Amino acid sequence: MTSIMTNSSAMTALQSLQSINSSLDETQSRISTGYRVAEAQDNAAYWSIATTMRSDNQALSAVVDSLGIGAATVDAAYTGLDATKDVLSEIKAKLTTATSDGVDKTKIQAEIDALQEQLQTISDSASFSGQNWLSNTDASADKQIVSSISRDSTGSLTVGAI
C-alpha cells in the first residue's frame with residue numbers, strides 16, 4: 001500500500017487491527033459451533049475425525065436408547081413370569097387338594113381352569129412397545145436387543161446384539 005502521505009505507525013496499527021479482526025472471526029466461529037474444527041477448511045484431517053466421532057456418538061446414543069427399551073421389555077417379561085410362578089403355585093396347591101378323599105374334584109377343576117385362563121391373560125398382557133416375549137407362537141423367532149457398536153481399524157462399523 002503506497003501513499004503520498006505515509007504514516008508508518010498508522011499503517012502498522014491498521015495491519016495489527018486487520019490481523020486481530022481475522023483472529024476474532026475465527027474464534028467467534030469456533031465458539032458459535034462449539035468445535036475447534038468447524039469446517040473441513042480449518043483442518044481436513046481433524047474435521048474428518050471429528051465428524052466420524054460425532055456420528056459414532058449419535059450411534060452410541062441410539063444404542064443407549066435401545067438398551068433402555070430392551071431393559072423395559074425384559075422387565076415386562078420378568079414381571080409376567082413372576083406372576084405366572086405365583087399362579088402355578090396355586091395350581092399345584094389345588095392339585096394337591098384334589099388328591100384328598102371327599103373333595104369335589106369338578107369344583108377344583110373349575111378353579112384350575114380359571115387359573116389357566118389367568119395364566120393366558122398374564123402371558124398376553126406381558127408386552128412392552130409392541131413386543132411380547134411370553135405370548136409367542138413362533139418358536140423359531142429370536143429376540144434381540146442392540147447392545148453395542150464398534151469400529152474396527154478399517155473404519156467399518158459393527159452392530160452387536162444380545
# chains A, B, ... in the order shown; residues from 1 in each chain; ligands from 1
call {"tool": "residues_around", "arguments": {"residues": "Glu117 of chain A", "least_positions_apart": "6", "cutoff": "12 Å", "atoms": "only C-alpha atoms", "output": "list in words"}}
result
Thr84, Val87, Leu88, Ile91, Ala110, Glu111, Ser123 and Asp124 of chain A
call {"tool": "select_by_dssp", "arguments": {"residues": "chain A", "states": "strand (DSSP E or B)", "output": "compact mmCIF listing (two decimals) with all heavy atoms, in the first residue's frame"}}
result
# COMPACT_ATOMS: atom_id res chain seq x y z
N SER A 127 -46.43 -57.33 27.68
CA SER A 127 -45.80 -56.77 26.49
C SER A 127 -45.34 -55.35 26.76
O SER A 127 -45.85 -54.66 27.64
CB SER A 127 -46.77 -56.80 25.31
OG SER A 127 -47.85 -55.94 25.57
N PHE A 128 -44.35 -54.94 25.97
CA PHE A 128 -43.85 -53.57 26.04
C PHE A 128 -43.45 -53.16 24.63
O PHE A 128 -42.78 -53.91 23.92
CB PHE A 128 -42.64 -53.47 26.97
CG PHE A 128 -42.10 -52.07 27.08
CD1 PHE A 128 -42.70 -51.18 27.94
CD2 PHE A 128 -41.05 -51.65 26.30
CE1 PHE A 128 -42.23 -49.87 28.03
CE2 PHE A 128 -40.56 -50.36 26.39
CZ PHE A 128 -41.16 -49.47 27.25
N GLN A 131 -43.89 -55.59 21.78
CA GLN A 131 -43.22 -56.89 21.84
C GLN A 131 -43.70 -57.66 23.05
O GLN A 131 -43.76 -57.13 24.15
CB GLN A 131 -41.71 -56.72 21.94
CG GLN A 131 -41.08 -56.12 20.71
CD GLN A 131 -39.58 -56.18 20.79
OE1 GLN A 131 -39.01 -57.13 21.33
NE2 GLN A 131 -38.93 -55.18 20.26
N ASN A 132 -44.02 -58.92 22.81
CA ASN A 132 -44.44 -59.80 23.89
C ASN A 132 -43.57 -61.05 23.82
O ASN A 132 -43.67 -61.83 22.89
CB ASN A 132 -45.91 -60.17 23.77
CG ASN A 132 -46.41 -60.88 25.00
OD1 ASN A 132 -45.68 -61.61 25.65
ND2 ASN A 132 -47.67 -60.67 25.31
N VAL A 146 -30.26 -54.50 20.50
CA VAL A 146 -29.00 -53.89 20.08
C VAL A 146 -28.24 -53.48 21.33
O VAL A 146 -28.77 -52.79 22.20
CB VAL A 146 -29.26 -52.67 19.16
CG1 VAL A 146 -27.96 -51.95 18.86
CG2 VAL A 146 -29.93 -53.10 17.88
N SER A 147 -26.98 -53.94 21.43
CA SER A 147 -26.24 -53.72 22.67
C SER A 147 -24.93 -52.96 22.50
O SER A 147 -24.39 -52.46 23.47
CB SER A 147 -25.94 -55.06 23.32
OG SER A 147 -25.14 -55.84 22.45
N SER A 148 -24.41 -52.87 21.28
CA SER A 148 -23.12 -52.21 21.12
C SER A 148 -22.87 -51.84 19.67
O SER A 148 -23.51 -52.37 18.76
CB SER A 148 -21.99 -53.12 21.59
OG SER A 148 -21.90 -54.25 20.75
N ILE A 149 -21.93 -50.91 19.50
CA ILE A 149 -21.37 -50.64 18.18
C ILE A 149 -19.86 -50.60 18.34
O ILE A 149 -19.36 -50.27 19.40
CB ILE A 149 -21.86 -49.32 17.55
CG1 ILE A 149 -21.44 -48.13 18.40
CG2 ILE A 149 -23.34 -49.33 17.30
CD1 ILE A 149 -21.51 -46.82 17.64
N SER A 150 -19.17 -50.99 17.31
CA SER A 150 -17.71 -50.92 17.35
C SER A 150 -17.19 -50.61 15.95
O SER A 150 -17.79 -50.99 14.96
CB SER A 150 -17.11 -52.21 17.88
OG SER A 150 -17.44 -53.29 17.04
N ARG A 151 -16.07 -49.90 15.93
CA ARG A 151 -15.44 -49.56 14.67
C ARG A 151 -14.07 -50.22 14.65
O ARG A 151 -13.29 -50.05 15.58
CB ARG A 151 -15.31 -48.04 14.55
CG ARG A 151 -14.79 -47.58 13.22
CD ARG A 151 -14.79 -46.06 13.12
NE ARG A 151 -16.11 -45.47 13.21
CZ ARG A 151 -16.99 -45.42 12.21
NH1 ARG A 151 -16.70 -45.95 11.04
NH2 ARG A 151 -18.16 -44.84 12.38
N LEU A 157 -18.16 -50.25 10.62
CA LEU A 157 -18.94 -50.24 11.85
C LEU A 157 -19.67 -51.57 12.01
O LEU A 157 -20.25 -52.09 11.05
CB LEU A 157 -19.95 -49.09 11.78
CG LEU A 157 -20.61 -48.63 13.05
CD1 LEU A 157 -19.57 -48.06 13.99
CD2 LEU A 157 -21.64 -47.58 12.74
N THR A 158 -19.63 -52.12 13.20
CA THR A 158 -20.30 -53.38 13.51
C THR A 158 -21.30 -53.15 14.64
O THR A 158 -20.95 -52.52 15.63
CB THR A 158 -19.29 -54.45 13.94
OG1 THR A 158 -18.30 -54.58 12.94
CG2 THR A 158 -19.97 -55.78 14.16
N VAL A 159 -22.51 -53.63 14.47
CA VAL A 159 -23.55 -53.50 15.49
C VAL A 159 -23.69 -54.84 16.18
O VAL A 159 -23.88 -55.87 15.52
CB VAL A 159 -24.89 -53.06 14.86
CG1 VAL A 159 -25.97 -53.00 15.91
CG2 VAL A 159 -24.74 -51.74 14.14
N GLY A 160 -23.59 -54.84 17.51
CA GLY A 160 -23.72 -56.07 18.28
C GLY A 160 -25.10 -56.15 18.93
O GLY A 160 -25.72 -55.14 19.21
N ALA A 161 -25.56 -57.36 19.11
CA ALA A 161 -26.88 -57.57 19.73
C ALA A 161 -26.80 -58.71 20.73
O ALA A 161 -25.95 -59.60 20.61
CB ALA A 161 -27.91 -57.89 18.66
call {"tool": "select_by_dssp", "arguments": {"residues": "chain A", "states": "helix (DSSP H, G or I)", "output": "ChimeraX atom specification"}}
result
/A:8-33,44-98,105-125
call {"tool": "atom_distance", "arguments": {"atom1": "atom CA of Ile69 of chain A", "atom2": "atom CA of Ile145 of chain A"}}
result
8.4 Å
